[in-house]
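**Q** First the structure, then my questions, so here it is.
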Amino acid sequence: MSNTFINDISSNSIKEYVYNYLELYCIKEGDYLYINKEIYKKYEINNKIEEFINYMKQFYKTSKKYFTERTRNYNTFISILRHICKLLKIIYYKKIIYNNNSYYIVYYIKNIKENIDL
C-alpha cells in the first residue's frame with residue numbers, strides 16, 4: 001500500500017475527514033478545491049493546521065512521523081496533504097503562478113465528497 005502509512009486504514013473515514021477539513025476554507029472551483037498560502041493562513045489563524053496534523057499523525061508509520069513533527073509551514077502542510085491524496089487516490093494537481101519576479105504554487109484537489117461511499 002504505502003511505505004509512509006500504516007496498513008490498517010479505513011479510507012472512507014479519512015476521506016470524509018479530509019473533505020470536511022478542506023471544505024472549511026478552501027475555494028471551490030468546478031470539481032476541485034483550491035488551496036494556496038492565503039488559505040493556509042486562514043487555517044493557521046484558526047488553529048486548524050495543528051488539529052489536522054495531529055489527527056493524521058496516528059496513520060503514519062513510526063519511522064515516517066517526522067513529516068508531522070517538522071516546523072509548520074505551507075510546504076510541510078502541503079507535503080502531508082499530498083501524501084494523503086496519494087494514499088486515498090484523490091486526484092490533485094499544482095499550478096505555478098508567476099507574478100513579477102516571484103511565483104507561488106497553488107494546489108487543486110479533486111472534490112472527493114462524491115467518491116465517499118457512506
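Here's how to read the names in the C-alpha cells: chain A, B, ... by the order shown, residue numbers from 1 in each chain, ligand numbers from 1 in the order shown.
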With only C-alpha atoms counted and 10 Å as the cut-off, give the residues of segment 54-118 of chain A in contact with segment 34-48 of chain A, each with its shortest interatomic distance in Å and the pair that gives it, as a Markdown table.
**A**
| residue | atom | partner | partner_atom | distance |
| --- | --- | --- | --- | --- |
| A:Asn54 | CA | A:Lys48 | CA | 10.0 |
| A:Arg72 | CA | A:Glu44 | CA | 9.3 |
| A:Asn73 | CA | A:Tyr40 | CA | 8.6 |
| A:Tyr74 | CA | A:Lys37 | CA | 6.4 |
| A:Asn75 | CA | A:Lys37 | CA | 9.2 |
| A:Phe77 | CA | A:Tyr40 | CA | 8.5 |
| A:Ile78 | CA | A:Ile35 | CA | 9.2 |
| A:Tyr92 | CA | A:Tyr34 | CA | 9.8 |
| A:Tyr93 | CA | A:Tyr34 | CA | 10.0 |
| A:Lys94 | CA | A:Tyr34 | CA | 9.6 |
| A:Tyr104 | CA | A:Asn36 | CA | 8.1 |
| A:Ile105 | CA | A:Asn36 | CA | 6.9 |
| A:Val106 | CA | A:Asn36 | CA | 4.7 |
| A:Tyr107 | CA | A:Ile35 | CA | 5.4 |
| A:Tyr108 | CA | A:Tyr34 | CA | 4.7 |
| A:Ile109 | CA | A:Tyr34 | CA | 6.6 |
| A:Lys110 | CA | A:Tyr34 | CA | 9.0 |
| A:Asn111 | CA | A:Tyr34 | CA | 9.6 |
**Q** Of the candidates A:Ile90, A:Ile27, A:Leu33, A:Ile53, which shows the shortest atom-to-atom distance to Lys15 of chain A, using only C-alpha atoms?
**A**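 Counting only C-alpha atoms, the residue closest to Lys15 of chain A is A:Ile90.
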**Q** Name the residues in contact with segment 60-63 of chain A at a cut-off of 9 Å, using only C-alpha atoms, excluding same-chain residues fewer than 6 positions from it; report them as a PyMOL selection string.
**A** chain A and resi 3-7
**Q** Between atom CA of Phe67 of chain A and atom CA of Ile49 of chain A, what is the distance, to one decimal in Å?
**A**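 These atoms are spaced 13.5 Å apart.
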**Q** Quote the spacing between atom CA of Leu81 of chain A and atom CA of Asn12 of chain A in Å to one decimal place.
**A**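 Here the two named atoms are 15.8 Å from each other.
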**Q** Enumerate the residues of chain A with a DSSP assignment of alpha helix (DSSP H), computed from the backbone, and present them as a ChimeraX atom specification.
**A** /A:11-25,37-45,48-57,66-69,74-87
**Q** Okay, now the selection with C-alpha atoms, as a compact mmCIF listing (two decimals), in the first residue's frame?
**A**
# COMPACT_ATOMS: atom_id res chain seq x y z
CA SER A 11 -10.01 5.09 3.84
CA ASN A 12 -13.65 6.25 3.82
CA SER A 13 -13.43 7.80 7.27
CA ILE A 14 -10.17 9.54 6.35
CA LYS A 15 -11.64 10.76 3.05
CA GLU A 16 -14.63 12.17 4.89
CA TYR A 17 -12.39 13.87 7.47
CA VAL A 18 -10.10 15.33 4.77
CA TYR A 19 -13.02 16.61 2.71
CA ASN A 20 -14.74 18.19 5.72
CA TYR A 21 -11.44 19.79 6.68
CA LEU A 22 -10.76 21.19 3.21
CA GLU A 23 -14.33 22.39 2.88
CA LEU A 24 -13.82 24.79 5.82
CA TYR A 25 -11.77 27.40 3.93
CA LYS A 37 -0.79 30.26 1.01
CA GLU A 38 -3.56 32.72 1.85
CA ILE A 39 -6.00 29.90 2.54
CA TYR A 40 -3.30 28.11 4.54
CA LYS A 41 -3.00 31.25 6.69
CA LYS A 42 -6.76 31.11 7.44
CA TYR A 43 -6.30 27.55 8.70
CA GLU A 44 -3.27 28.65 10.71
CA ILE A 45 -5.00 31.64 12.31
CA LYS A 48 -6.77 24.14 12.28
CA ILE A 49 -3.31 23.12 11.00
CA GLU A 50 -2.25 21.61 14.31
CA GLU A 51 -5.58 19.80 14.64
CA PHE A 52 -5.27 18.29 11.16
CA ILE A 53 -1.65 17.20 11.57
CA ASN A 54 -2.30 15.66 14.99
CA TYR A 55 -5.19 13.66 13.53
CA MET A 56 -3.10 12.44 10.60
CA LYS A 57 -0.09 11.61 12.76
CA TYR A 66 8.95 13.19 11.24
CA PHE A 67 6.74 14.53 8.42
CA THR A 68 4.23 15.53 11.09
CA GLU A 69 6.82 16.83 13.54
CA TYR A 74 2.79 25.86 3.91
CA ASN A 75 5.24 23.46 2.29
CA THR A 76 5.22 20.90 5.11
CA PHE A 77 1.43 21.05 5.31
CA ILE A 78 1.12 20.51 1.56
CA SER A 79 3.52 17.54 1.77
CA ILE A 80 1.23 15.85 4.28
CA LEU A 81 -1.82 16.67 2.18
CA ARG A 82 -0.14 15.22 -0.92
CA HIS A 83 0.76 12.02 0.98
CA ILE A 84 -2.87 11.59 1.98
CA CYS A 85 -4.16 12.31 -1.51
CA LYS A 86 -1.78 9.74 -2.94
CA LEU A 87 -2.81 7.13 -0.37
**Q** Could you write out, as a list in words, all the residues of chain A that DSSP marks as strand (DSSP E or B)?
**A**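 Strand (DSSP E or B) assignments inside chain A correspond to Phe5, Ile27, Lys28, Glu29, Tyr32, Leu33, Tyr34, Ile35, Tyr60, Tyr92, Tyr93, Lys94, Lys95, Ile96, Ile97, Tyr98, Asn99, Ser102, Tyr103, Tyr104, Ile105, Val106, Tyr107, Tyr108, Ile109 and Lys110 of chain A.
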**Q** Just the selected residues (N, CA and C atoms), exported as a short mmCIF file (atom, residue, chain, number, x, y, z; two decimals), in the first residue's frame, please.
**A**
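Dumped everything to out-v1.cif:
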data_model
loop_
_atom_site.label_atom_id
_atom_site.label_comp_id
_atom_site.auth_asym_id
_atom_site.auth_seq_id
_atom_site.Cartn_x
_atom_site.Cartn_y
_atom_site.Cartn_z
N PHE A 5 2.46 5.13 5.39
CA PHE A 5 1.32 4.95 6.30
C PHE A 5 1.21 3.52 6.80
N ILE A 27 -11.42 27.15 -1.53
CA ILE A 27 -12.32 27.72 -2.52
C ILE A 27 -12.69 26.62 -3.52
N LYS A 28 -13.97 26.51 -3.81
CA LYS A 28 -14.42 25.52 -4.79
C LYS A 28 -14.35 26.13 -6.17
N GLU A 29 -13.64 25.44 -7.07
CA GLU A 29 -13.54 25.85 -8.46
C GLU A 29 -13.90 24.65 -9.32
N TYR A 32 -12.99 20.97 -8.25
CA TYR A 32 -11.77 20.98 -7.43
C TYR A 32 -11.88 21.95 -6.27
N LEU A 33 -11.11 21.67 -5.24
CA LEU A 33 -10.93 22.58 -4.11
C LEU A 33 -9.56 23.22 -4.27
N TYR A 34 -9.50 24.50 -4.11
CA TYR A 34 -8.31 25.30 -4.38
C TYR A 34 -7.68 25.70 -3.04
N ILE A 35 -6.36 25.45 -2.88
CA ILE A 35 -5.67 25.87 -1.67
C ILE A 35 -4.36 26.55 -2.05
N TYR A 60 0.55 7.60 10.30
CA TYR A 60 1.92 7.50 9.80
C TYR A 60 2.67 6.39 10.51
N TYR A 92 -5.12 15.31 -7.65
CA TYR A 92 -4.74 16.69 -7.37
C TYR A 92 -3.71 17.13 -8.40
N TYR A 93 -3.59 18.41 -8.57
CA TYR A 93 -2.52 18.95 -9.41
C TYR A 93 -2.12 20.30 -8.87
N LYS A 94 -0.95 20.73 -9.27
CA LYS A 94 -0.46 22.03 -8.83
C LYS A 94 -0.33 22.95 -10.02
N LYS A 95 -0.37 24.22 -9.73
CA LYS A 95 -0.24 25.24 -10.77
C LYS A 95 0.72 26.29 -10.22
N ILE A 96 1.73 26.61 -11.00
CA ILE A 96 2.68 27.64 -10.61
C ILE A 96 2.24 28.96 -11.23
N ILE A 97 2.04 29.95 -10.38
CA ILE A 97 1.58 31.24 -10.84
C ILE A 97 2.71 32.25 -10.65
N TYR A 98 3.09 32.89 -11.73
CA TYR A 98 4.17 33.87 -11.71
C TYR A 98 3.59 35.27 -11.60
N ASN A 99 4.20 36.07 -10.73
CA ASN A 99 3.77 37.45 -10.55
C ASN A 99 5.01 38.30 -10.38
N SER A 102 8.40 36.91 -8.82
CA SER A 102 8.19 35.85 -7.84
C SER A 102 7.12 34.88 -8.35
N TYR A 103 6.97 33.81 -7.64
CA TYR A 103 5.96 32.83 -8.01
C TYR A 103 5.38 32.21 -6.75
N TYR A 104 4.23 31.60 -6.90
CA TYR A 104 3.65 30.82 -5.82
C TYR A 104 2.92 29.63 -6.42
N ILE A 105 2.81 28.59 -5.61
CA ILE A 105 2.21 27.34 -6.07
C ILE A 105 0.85 27.18 -5.41
N VAL A 106 -0.14 26.90 -6.22
CA VAL A 106 -1.47 26.60 -5.71
C VAL A 106 -1.79 25.15 -6.06
N TYR A 107 -2.61 24.53 -5.23
CA TYR A 107 -2.99 23.14 -5.43
C TYR A 107 -4.48 23.04 -5.63
N TYR A 108 -4.84 22.17 -6.55
CA TYR A 108 -6.24 21.87 -6.82
C TYR A 108 -6.46 20.40 -6.46
N ILE A 109 -7.38 20.16 -5.55
CA ILE A 109 -7.67 18.81 -5.07
C ILE A 109 -9.07 18.46 -5.52
N LYS A 110 -9.19 17.32 -6.18
CA LYS A 110 -10.48 16.87 -6.71
C LYS A 110 -11.50 16.83 -5.58
#
